[in-house]
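Asker: My structure is in upload.txt, and what it holds is compact mmCIF, C-alpha atoms and all ligand atoms:
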# COMPACT_ATOMS: atom_id res chain seq x y z
CA MET A 27 211.18 -236.78 236.18
CA ASP A 28 210.33 -240.08 237.79
CA PHE A 29 211.54 -240.71 241.35
CA ASN A 30 209.70 -243.99 241.82
CA GLY A 31 211.68 -246.32 244.05
CA MET A 32 214.16 -243.56 244.94
CA THR A 33 215.04 -242.35 248.42
CA VAL A 34 215.46 -238.60 248.72
CA ALA A 35 216.98 -237.03 251.85
CA VAL A 36 216.15 -233.35 252.34
CA THR A 37 217.60 -231.11 255.05
CA GLY A 38 215.41 -228.19 256.10
CA ALA A 39 212.44 -230.29 254.96
CA ALA A 40 210.09 -228.72 257.50
CA SER A 41 209.86 -225.35 255.78
CA GLY A 42 210.23 -223.33 252.60
CA ILE A 43 212.39 -224.70 249.77
CA GLY A 44 213.16 -227.98 251.58
CA HIS A 45 209.47 -228.54 252.27
CA ALA A 46 208.53 -227.84 248.64
CA THR A 47 211.29 -230.21 247.47
CA ALA A 48 210.06 -233.00 249.75
CA ILE A 49 206.52 -232.58 248.42
CA ALA A 50 207.61 -232.38 244.76
CA ALA A 51 209.84 -235.47 245.10
CA ALA A 52 207.10 -237.42 246.93
CA ARG A 53 204.60 -236.56 244.17
CA ARG A 54 207.02 -238.20 241.73
CA GLY A 55 207.16 -241.38 243.78
CA ALA A 56 210.15 -240.83 246.11
CA ARG A 57 210.40 -241.98 249.69
CA ILE A 58 211.44 -238.98 251.77
CA MET A 59 213.97 -238.74 254.61
CA ALA A 60 213.03 -235.40 256.17
CA LEU A 61 215.86 -233.84 258.20
CA ASP A 62 215.23 -230.72 260.28
CA ARG A 63 215.92 -229.31 263.73
CA ASP A 64 212.24 -228.38 264.16
CA ALA A 65 210.81 -231.63 265.56
CA ASP A 66 207.25 -230.24 265.88
CA ALA A 67 207.21 -229.16 262.24
CA LEU A 68 208.52 -232.61 261.25
CA GLU A 69 205.58 -234.17 263.14
CA ARG A 70 203.12 -231.99 261.21
CA LEU A 71 204.84 -232.87 257.94
CA HIS A 72 204.69 -236.57 258.78
CA ALA A 73 200.95 -236.34 259.53
CA GLN A 74 200.35 -234.50 256.25
CA PHE A 75 202.31 -237.08 254.22
CA THR A 76 200.73 -240.05 255.99
CA ALA A 77 197.27 -238.64 255.24
CA ASP A 78 198.30 -238.49 251.57
CA GLY A 79 199.60 -242.07 251.68
CA VAL A 80 203.23 -241.04 251.17
CA THR A 81 206.21 -242.43 253.10
CA LEU A 82 208.16 -239.82 255.04
CA GLU A 83 210.65 -240.57 257.78
CA ARG A 84 211.25 -237.87 260.41
CA VAL A 85 214.91 -237.32 261.16
CA PRO A 86 215.49 -234.61 263.78
CA VAL A 87 218.97 -233.14 263.48
CA ASP A 88 221.04 -230.04 264.13
CA ILE A 89 223.17 -229.90 261.00
CA ALA A 90 225.62 -227.50 262.67
CA ASP A 91 226.68 -230.32 264.99
CA GLU A 92 228.61 -233.12 263.25
CA ALA A 93 227.75 -235.65 266.00
CA SER A 94 224.05 -234.90 265.48
CA VAL A 95 224.43 -235.33 261.71
CA ARG A 96 226.28 -238.64 262.23
CA ALA A 97 223.46 -239.90 264.47
CA ALA A 98 220.85 -238.77 261.92
CA VAL A 99 222.60 -240.59 259.08
CA GLU A 100 222.93 -243.71 261.26
CA ALA A 101 219.17 -243.50 261.86
CA ILE A 102 218.59 -243.27 258.10
CA ALA A 103 220.93 -246.23 257.50
CA ARG A 104 218.76 -248.31 259.85
CA ILE A 105 215.77 -247.56 257.58
CA THR A 106 217.43 -247.84 254.18
CA PRO A 107 220.86 -248.93 252.96
CA ALA A 108 220.95 -246.32 250.20
CA VAL A 109 220.09 -242.69 249.51
CA ASP A 110 219.65 -241.66 245.87
CA LEU A 111 219.50 -237.89 246.26
CA LEU A 112 220.61 -235.57 249.07
CA VAL A 113 219.24 -232.03 249.05
CA ASN A 114 221.04 -229.66 251.42
CA SER A 115 218.46 -226.93 251.99
CA ALA A 116 218.58 -226.15 255.74
CA GLY A 117 219.89 -222.66 256.41
CA ILE A 118 219.55 -219.49 258.46
CA VAL A 119 220.10 -215.77 257.88
CA SER A 120 221.65 -213.05 260.00
CA ARG A 121 221.04 -209.38 259.46
CA GLY A 122 223.82 -207.36 261.08
CA LEU A 123 225.80 -204.74 259.21
CA PHE A 124 229.44 -205.66 258.53
CA GLU A 125 231.01 -203.72 261.43
CA THR A 126 228.48 -204.90 264.00
CA THR A 127 228.55 -208.58 263.01
CA THR A 128 229.64 -210.42 266.14
CA THR A 129 231.92 -213.46 266.19
CA ASP A 130 228.99 -215.50 267.52
CA GLU A 131 226.78 -214.45 264.63
CA TRP A 132 229.54 -215.11 262.09
CA GLU A 133 230.24 -218.56 263.50
CA ARG A 134 226.56 -219.52 263.85
CA VAL A 135 225.76 -218.64 260.24
CA LEU A 136 228.91 -220.33 258.88
CA SER A 137 228.36 -223.42 261.01
CA VAL A 138 224.77 -223.98 259.88
CA ASN A 139 224.95 -222.86 256.26
CA LEU A 140 228.41 -224.03 255.26
CA SER A 141 229.73 -226.57 257.79
CA GLY A 142 226.24 -228.11 258.07
CA SER A 143 226.11 -228.83 254.34
CA PHE A 144 229.63 -230.29 254.51
CA TYR A 145 228.76 -232.56 257.46
CA CYS A 146 225.58 -233.83 255.78
CA LEU A 147 227.32 -234.58 252.49
CA LYS A 148 230.35 -236.15 254.16
CA GLN A 149 228.29 -238.41 256.43
CA MET A 150 225.91 -239.34 253.61
CA VAL A 151 228.59 -240.40 251.08
CA PRO A 152 228.51 -244.12 252.04
CA LEU A 153 224.72 -244.21 251.51
CA LEU A 154 224.95 -242.22 248.27
CA LYS A 155 227.64 -244.52 246.87
CA VAL A 156 225.29 -247.51 246.98
CA GLY A 157 222.27 -245.62 245.65
CA ASN A 158 221.13 -245.61 242.03
CA GLY A 159 220.65 -241.84 241.80
CA ARG A 160 223.99 -240.73 243.28
CA ALA A 161 223.14 -237.04 243.26
CA VAL A 162 223.52 -234.11 245.65
CA VAL A 163 222.00 -230.65 245.26
CA ASN A 164 223.20 -227.87 247.56
CA VAL A 165 220.95 -224.85 247.99
CA ALA A 166 223.27 -221.88 247.61
CA SER A 167 221.92 -218.42 246.73
CA LEU A 168 222.20 -215.50 244.39
CA ALA A 169 224.22 -214.16 247.34
CA SER A 170 226.86 -216.81 246.54
CA LYS A 171 227.87 -214.69 243.58
CA ARG A 172 226.71 -211.23 244.64
CA VAL A 173 225.63 -209.66 247.95
CA SER A 174 222.75 -210.84 250.10
CA TYR A 175 219.82 -208.43 250.33
CA THR A 176 218.09 -210.27 253.19
CA GLY A 177 221.16 -211.45 255.09
CA GLY A 178 224.49 -209.98 256.13
CA VAL A 179 228.18 -210.65 255.42
CA ALA A 180 228.23 -214.04 257.16
CA TYR A 181 225.38 -215.25 254.96
CA THR A 182 227.07 -214.05 251.77
CA ALA A 183 230.38 -215.66 252.80
CA ALA A 184 228.72 -218.95 253.74
CA LYS A 185 226.77 -219.12 250.51
CA ALA A 186 229.89 -218.34 248.46
CA GLY A 187 231.55 -221.21 250.33
CA ILE A 188 228.76 -223.57 249.25
CA LEU A 189 229.87 -223.12 245.64
CA GLY A 190 233.45 -224.09 246.54
CA LEU A 191 232.15 -227.09 248.47
CA THR A 192 230.02 -228.05 245.47
CA ARG A 193 232.89 -227.81 242.97
CA HIS A 194 235.38 -229.70 245.09
CA ALA A 195 232.98 -232.45 246.13
CA ALA A 196 231.83 -232.83 242.50
CA PHE A 197 235.43 -233.28 241.39
CA GLU A 198 236.41 -235.84 244.05
CA LEU A 199 233.17 -237.79 244.15
CA ALA A 200 232.89 -238.11 240.36
CA GLY A 201 234.99 -241.27 240.69
CA ASP A 202 232.14 -242.80 242.72
CA GLY A 203 229.59 -241.68 240.14
CA ILE A 204 228.17 -239.09 242.60
CA ARG A 205 227.13 -235.80 241.00
CA VAL A 206 227.14 -232.62 243.11
CA ASN A 207 225.46 -229.43 241.91
CA ALA A 208 224.08 -226.24 243.42
CA VAL A 209 221.08 -224.03 242.83
CA CYS A 210 221.28 -220.28 243.35
CA PRO A 211 217.80 -219.00 244.14
CA GLY A 212 216.91 -215.34 244.04
CA PRO A 213 214.19 -214.03 246.37
CA VAL A 214 211.84 -216.85 247.42
CA LEU A 215 208.81 -216.21 249.59
CA THR A 216 209.39 -218.46 252.63
CA ALA A 217 209.39 -218.08 256.44
CA MET A 218 213.02 -216.94 256.19
CA THR A 219 212.30 -213.99 253.93
CA LYS A 220 208.85 -213.17 255.32
CA ASN A 221 210.37 -212.74 258.80
CA ALA A 222 213.15 -210.52 257.47
CA THR A 223 211.16 -208.15 255.26
CA SER A 224 208.22 -205.76 255.48
CA GLU A 225 205.35 -205.65 253.00
CA GLU A 226 206.99 -202.58 251.47
CA ASP A 227 210.38 -204.37 251.15
CA ARG A 228 208.67 -207.23 249.38
CA LYS A 229 207.07 -204.88 246.84
CA THR A 230 210.47 -203.25 246.23
CA VAL A 231 212.12 -206.63 245.66
CA ALA A 232 209.34 -207.82 243.35
CA ALA A 233 209.79 -204.65 241.31
CA MET A 234 213.52 -205.39 240.89
CA VAL A 235 212.93 -208.88 239.46
CA PRO A 236 212.69 -208.75 235.67
CA LEU A 237 210.05 -211.51 235.70
CA GLY A 238 208.16 -209.28 238.13
CA ASP A 239 207.67 -211.36 241.25
CA TRP A 240 209.11 -213.35 244.13
CA LEU A 241 209.74 -217.02 243.43
CA ASP A 242 207.59 -219.72 244.96
CA PRO A 243 209.50 -222.46 246.84
CA ASP A 244 208.22 -224.90 244.23
CA ASP A 245 210.03 -222.95 241.45
CA VAL A 246 213.28 -223.88 243.20
CA ALA A 247 212.14 -227.43 244.01
CA GLN A 248 211.57 -228.18 240.30
CA ALA A 249 215.13 -227.10 239.43
CA ILE A 250 216.53 -229.14 242.33
CA LEU A 251 214.71 -232.24 241.11
CA PHE A 252 215.99 -231.72 237.58
CA LEU A 253 219.61 -231.57 238.80
CA GLY A 254 218.96 -234.55 241.07
CA SER A 255 217.35 -236.67 238.38
CA PRO A 256 218.83 -238.97 235.74
CA ALA A 257 217.94 -236.27 233.16
CA ALA A 258 221.03 -234.42 234.47
CA ARG A 259 223.25 -237.52 234.46
CA MET A 260 226.25 -235.71 232.89
CA ILE A 261 225.88 -232.45 234.85
CA THR A 262 228.14 -232.04 237.87
CA GLY A 263 229.96 -229.22 239.68
CA THR A 264 227.68 -226.59 238.20
CA THR A 265 225.27 -223.97 239.53
CA LEU A 266 221.81 -223.13 238.27
CA ASP A 267 220.43 -219.64 238.88
CA ILE A 268 216.69 -219.53 239.59
CA ASP A 269 216.02 -215.87 240.10
CA GLY A 270 213.47 -214.49 237.68
CA GLY A 271 216.34 -212.73 235.91
CA LEU A 272 217.46 -210.75 238.97
CA SER A 273 221.13 -211.53 238.36
CA LEU A 274 220.83 -209.72 235.04
CA VAL A 275 220.02 -206.43 236.77
CA THR A 276 222.90 -204.03 237.30
CA GLY A 277 221.36 -201.66 239.89
CA SER A 278 219.40 -202.14 243.12
CA SER A 279 218.29 -199.88 245.97
CA TYR A 280 221.31 -199.47 248.21
CA GLU A 281 219.35 -197.05 250.42
CA ALA A 282 216.69 -199.67 251.10
CA TYR A 283 219.44 -202.17 252.02
CA ARG A 284 220.82 -199.77 254.64
CA ARG A 285 217.39 -198.69 255.92
CA ALA A 286 216.44 -202.33 256.61
CA ARG A 287 219.39 -202.58 259.03
CA GLN A 288 218.94 -199.37 261.02
N1 LIG B 301 214.13 -217.76 250.79
C1 LIG B 301 215.02 -217.22 249.94
O1 LIG B 301 214.79 -216.14 249.36
C2 LIG B 301 216.32 -217.92 249.66
C3 LIG B 301 217.11 -217.44 248.61
C4 LIG B 301 218.31 -218.07 248.33
C5 LIG B 301 218.70 -219.15 249.09
N2 LIG B 301 217.93 -219.60 250.11
C6 LIG B 301 218.41 -220.75 250.86
O2 LIG B 301 217.44 -221.77 250.77
C7 LIG B 301 217.53 -222.62 251.91
C8 LIG B 301 216.15 -222.78 252.52
O3 LIG B 301 215.68 -221.51 252.93
P1 LIG B 301 214.14 -221.20 253.13
O4 LIG B 301 213.90 -219.86 252.59
O5 LIG B 301 213.35 -222.36 252.68
O6 LIG B 301 214.12 -221.06 254.72
P2 LIG B 301 213.10 -221.57 255.83
O7 LIG B 301 213.45 -220.79 257.05
O8 LIG B 301 211.71 -221.55 255.33
O9 LIG B 301 213.54 -223.11 256.04
C9 LIG B 301 214.78 -223.44 256.58
C10 LIG B 301 214.63 -224.76 257.30
O10 LIG B 301 215.93 -225.14 257.77
C11 LIG B 301 215.80 -225.62 259.09
N3 LIG B 301 217.06 -225.43 259.82
C12 LIG B 301 217.65 -224.26 260.13
N4 LIG B 301 218.77 -224.47 260.84
C13 LIG B 301 218.88 -225.82 260.98
C14 LIG B 301 219.83 -226.66 261.62
N5 LIG B 301 220.87 -226.16 262.31
N6 LIG B 301 219.65 -227.99 261.55
C15 LIG B 301 218.59 -228.52 260.89
N7 LIG B 301 217.65 -227.77 260.27
C16 LIG B 301 217.79 -226.43 260.32
C17 LIG B 301 214.68 -224.80 259.69
O11 LIG B 301 214.10 -225.44 260.83
C18 LIG B 301 213.72 -224.70 258.51
O12 LIG B 301 212.79 -225.78 258.51
C19 LIG B 301 218.54 -221.94 252.86
O13 LIG B 301 219.79 -222.57 252.72
C20 LIG B 301 218.59 -220.52 252.34
O14 LIG B 301 219.80 -219.91 252.65
C21 LIG B 301 216.74 -219.02 250.41
Rewrite the structure of this file - the entire thing - as structure tokens.
Answerer:
Amino acid sequence: MDFNGMTVAVTGAASGIGHATAIAAARRGARIMALDRDADALERLHAQFTADGVTLERVPVDIADEASVRAAVEAIARITPAVDLLVNSAGIVSRGLFETTTTDEWERVLSVNLSGSFYCLKQMVPLLKVGNGRAVVNVASLASKRVSYTGGVAYTAAKAGILGLTRHAAFELAGDGIRVNAVCPGPVLTAMTKNATSEEDRKTVAAMVPLGDWLDPDDVAQAILFLGSPAARMITGTTLDIDGGLSLVTGSSYEAYRRARQ
């Protein structure tokens, strides 16, 4: 997969899967537009990339706020007329049980994880249309199809929504040659999951994965780059599970799920 001469915009680029995707795309020659709400982390990322001689533009944004996304895309348009690949990776989790999930929590998780991906894709369409790559990869989750282990109902609902967004956008934007796909990662060791689990939880999860371990962020990044590359030129509207076989398993520890929330 060669990304030489391509511009890749990654939301959530400051951490975890987005960070790994930015690094993997840069190693293949891409120029990176790094979008994140964590401005300090973006500064560190910029310093790291500059030291490695790689071009990375810092684009601070709150993807839950459409005006902020519009301003971020305008800033990108001042740097480059075209974006070849958009990776929507920014996201958050919430951990409440169903009956104690507040309206605030529900709306916050939906607005970042679902509306945020919609705003970024919608605002980025004009730049994608004039790019050569014309690809979008949304980071959904195994929770899109099942139930989140780390998050709560709002997270599961938002991630299920990402698959609807992916299908519909793929259908409409096909006329512009823009492909839209989603990845559904299983458990990936990142700040998000480290903060939400104990050492014991992590061992339990690893034991449930048929391939025997948590995923590395780079395992997901490689699949994202495949879907975003010309190698996938006739693939659109689909989802790719990257979960070490976890979706094949029929049973998990319901008790551990409850215990983690009490
Ligand atoms: N880690 C997992 O096990 C896992 C599994 C399936 C799906 N996912 C999904 O992968 C994506 C990345 O998760 P991660 O594990 O790398 O998490 P992470 O916490 O390591 O990184 C998320 C990044 O998104 C940024 N972000 C959060 N809210 C934002 C906002 N409103 N505006 C701009 N940036 C914002 C954060 O600052 C952070 O840099 C998320 O969409 C998550 O739901 C993660």
Asker: For range 229-240 of chain A, list every protein, DNA or RNA residue within 7 Å, evaluated using all atoms listed in the file, and leave out those in the same chain fewer than 4 positions away; present the list as a ChimeraX atom specification.
Answerer: /A:213-215,225,270-272
Asker: Can you write out the residues you just picked, keeping C-alpha atoms, as a PDB file, in the frame of the given file?
Answerer:
ATOM      1  CA  PRO A 213     214.190-214.030 246.370  1.00  0.00           C
ATOM      2  CA  VAL A 214     211.840-216.850 247.420  1.00  0.00           C
ATOM      3  CA  LEU A 215     208.810-216.210 249.590  1.00  0.00           C
ATOM      4  CA  GLU A 225     205.350-205.650 253.000  1.00  0.00           C
ATOM      5  CA  GLY A 270     213.470-214.490 237.680  1.00  0.00           C
ATOM      6  CA  GLY A 271     216.340-212.730 235.910  1.00  0.00           C
ATOM      7  CA  LEU A 272     217.460-210.750 238.970  1.00  0.00           C
TER       8      LEU A 272
END
Asker: Which residues form the shell of 6 Å around ligand LIG 301 (chain B) when you count all atoms listed in the file, given as a ChimeraX atom specification?
Answerer: /A:38-44,62-64,87-90,115-118,138,165-167,211-219
Asker: Do you know which residues are at most 12 Å from Arg285 in chain A counting only C-alpha atoms, after dropping those on the same chain fewer than 6 positions away, and could you put them as a list of chain:residue names?
Answerer: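 So, after excluding close chain neighbours, the residues are A:Arg121, A:Gly122, A:Leu123, A:Tyr175, A:Thr176, A:Thr223, A:Ser224, A:Glu226, A:Asp227, A:Ser279.
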Asker: Take the residues that were just selected and, keeping C-alpha atoms, output them as a tab-separated table (two decimals), keeping the file's coordinate frame.
Answerer:
chain	number	residue	atom	x	y	z
A	121	ARG	CA	221.04	-209.38	259.46
A	122	GLY	CA	223.82	-207.36	261.08
A	123	LEU	CA	225.80	-204.74	259.21
A	175	TYR	CA	219.82	-208.43	250.33
A	176	THR	CA	218.09	-210.27	253.19
A	223	THR	CA	211.16	-208.15	255.26
A	224	SER	CA	208.22	-205.76	255.48
A	226	GLU	CA	206.99	-202.58	251.47
A	227	ASP	CA	210.38	-204.37	251.15
A	279	SER	CA	218.29	-199.88	245.97
Asker: Would you kindly return, as a PDB file with C-alpha atoms, in the frame of the given file, each protein, DNA or RNA residue with an atom no farther than 9 Å from any atom of Ile188 in chain A, considering all atoms listed in the file and excluding same-chain residues fewer than 2 positions away?
Answerer:
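Saved the output as out27.pdb:
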ATOM      1  CA  ASN A 139     224.950-222.860 256.260  1.00  0.00           C
ATOM      2  CA  LEU A 140     228.410-224.030 255.260  1.00  0.00           C
ATOM      3  CA  SER A 143     226.110-228.830 254.340  1.00  0.00           C
ATOM      4  CA  PHE A 144     229.630-230.290 254.510  1.00  0.00           C
ATOM      5  CA  ASN A 164     223.200-227.870 247.560  1.00  0.00           C
ATOM      6  CA  VAL A 165     220.950-224.850 247.990  1.00  0.00           C
ATOM      7  CA  ALA A 166     223.270-221.880 247.610  1.00  0.00           C
ATOM      8  CA  SER A 167     221.920-218.420 246.730  1.00  0.00           C
ATOM      9  CA  SER A 170     226.860-216.810 246.540  1.00  0.00           C
ATOM     10  CA  ALA A 183     230.380-215.660 252.800  1.00  0.00           C
ATOM     11  CA  ALA A 184     228.720-218.950 253.740  1.00  0.00           C
ATOM     12  CA  LYS A 185     226.770-219.120 250.510  1.00  0.00           C
ATOM     13  CA  ALA A 186     229.890-218.340 248.460  1.00  0.00           C
ATOM     14  CA  GLY A 190     233.450-224.090 246.540  1.00  0.00           C
ATOM     15  CA  LEU A 191     232.150-227.090 248.470  1.00  0.00           C
ATOM     16  CA  THR A 192     230.020-228.050 245.470  1.00  0.00           C
ATOM     17  CA  ARG A 193     232.890-227.810 242.970  1.00  0.00           C
ATOM     18  CA  ALA A 208     224.080-226.240 243.420  1.00  0.00           C
TER      19      ALA A 208
END
Asker: With all atoms listed in the file as the atoms that count, which of A:Ala51, A:Val99, A:Ala93, A:Cys210 lies nearest to Leu241 in chain A?
Answerer: A:Cys210
Asker: Considering only C-alpha atoms, can you say which of A:Phe197, A:Ser174, A:Glu92, A:Asp78 comes closest to Phe124 in chain A?
Answerer: A:Ser174
Asker: To one decimal place in Å, what is the distance between CA of Arg84 in chain A and CA of Val36 in chain A?
Answerer: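 Here the two named atoms are 10.5 Å from each other.
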Asker: What's around Leu112 in chain A at 9 Å? Count all atoms listed in the file, leave out sequence neighbours fewer than 4 positions away in its own chain, and write the answer as a ChimeraX atom specification.
Answerer: /A:33-37,146-147,150,154,160-164,254
Asker: Interatomic distance between CA of Ile105 in chain A and CA of His194 in chain A?
Answerer: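 Taking CA of Ile105 in chain A and CA of His194 in chain A, their separation equals 29.3 Å.
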Asker: Please compute the CA of Ile268 in chain A-CA of Ala196 in chain A distance, one decimal, in Å.
Answerer: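 CA of Ala196 in chain A lies at a distance of 20.4 Å from CA of Ile268 in chain A.
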Asker: Kindly indicate which residue among A:Gly178, A:Gly142, A:Gly187, A:Pro107 lies nearest to Gly157 in chain A, using all atoms listed in the file for the distances.
Answerer: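 Residue with the minimum atom-to-atom distance to Gly157 in chain A: A:Pro107.
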Asker: Please give the centre and size of the box around range 215-234 of chain A (axis-aligned, containing every atom listed in the file, 4 Å added per side), with values in Å to one decimal and written as lines of an AutoDock Vina configuration file.
Answerer:
center_x = 209.4
center_y = -210.5
center_z = 249.8
size_x = 16.2
size_y = 23.9
size_z = 25.9
Asker: Which residue out of A:Asn114, A:Asn221, A:Thr182, A:Ser255 has the minimum interatomic distance to Ala60 in chain A when all atoms listed in the file are used?
Answerer: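 Answer, going by the shortest atom-to-atom distance: A:Asn114.
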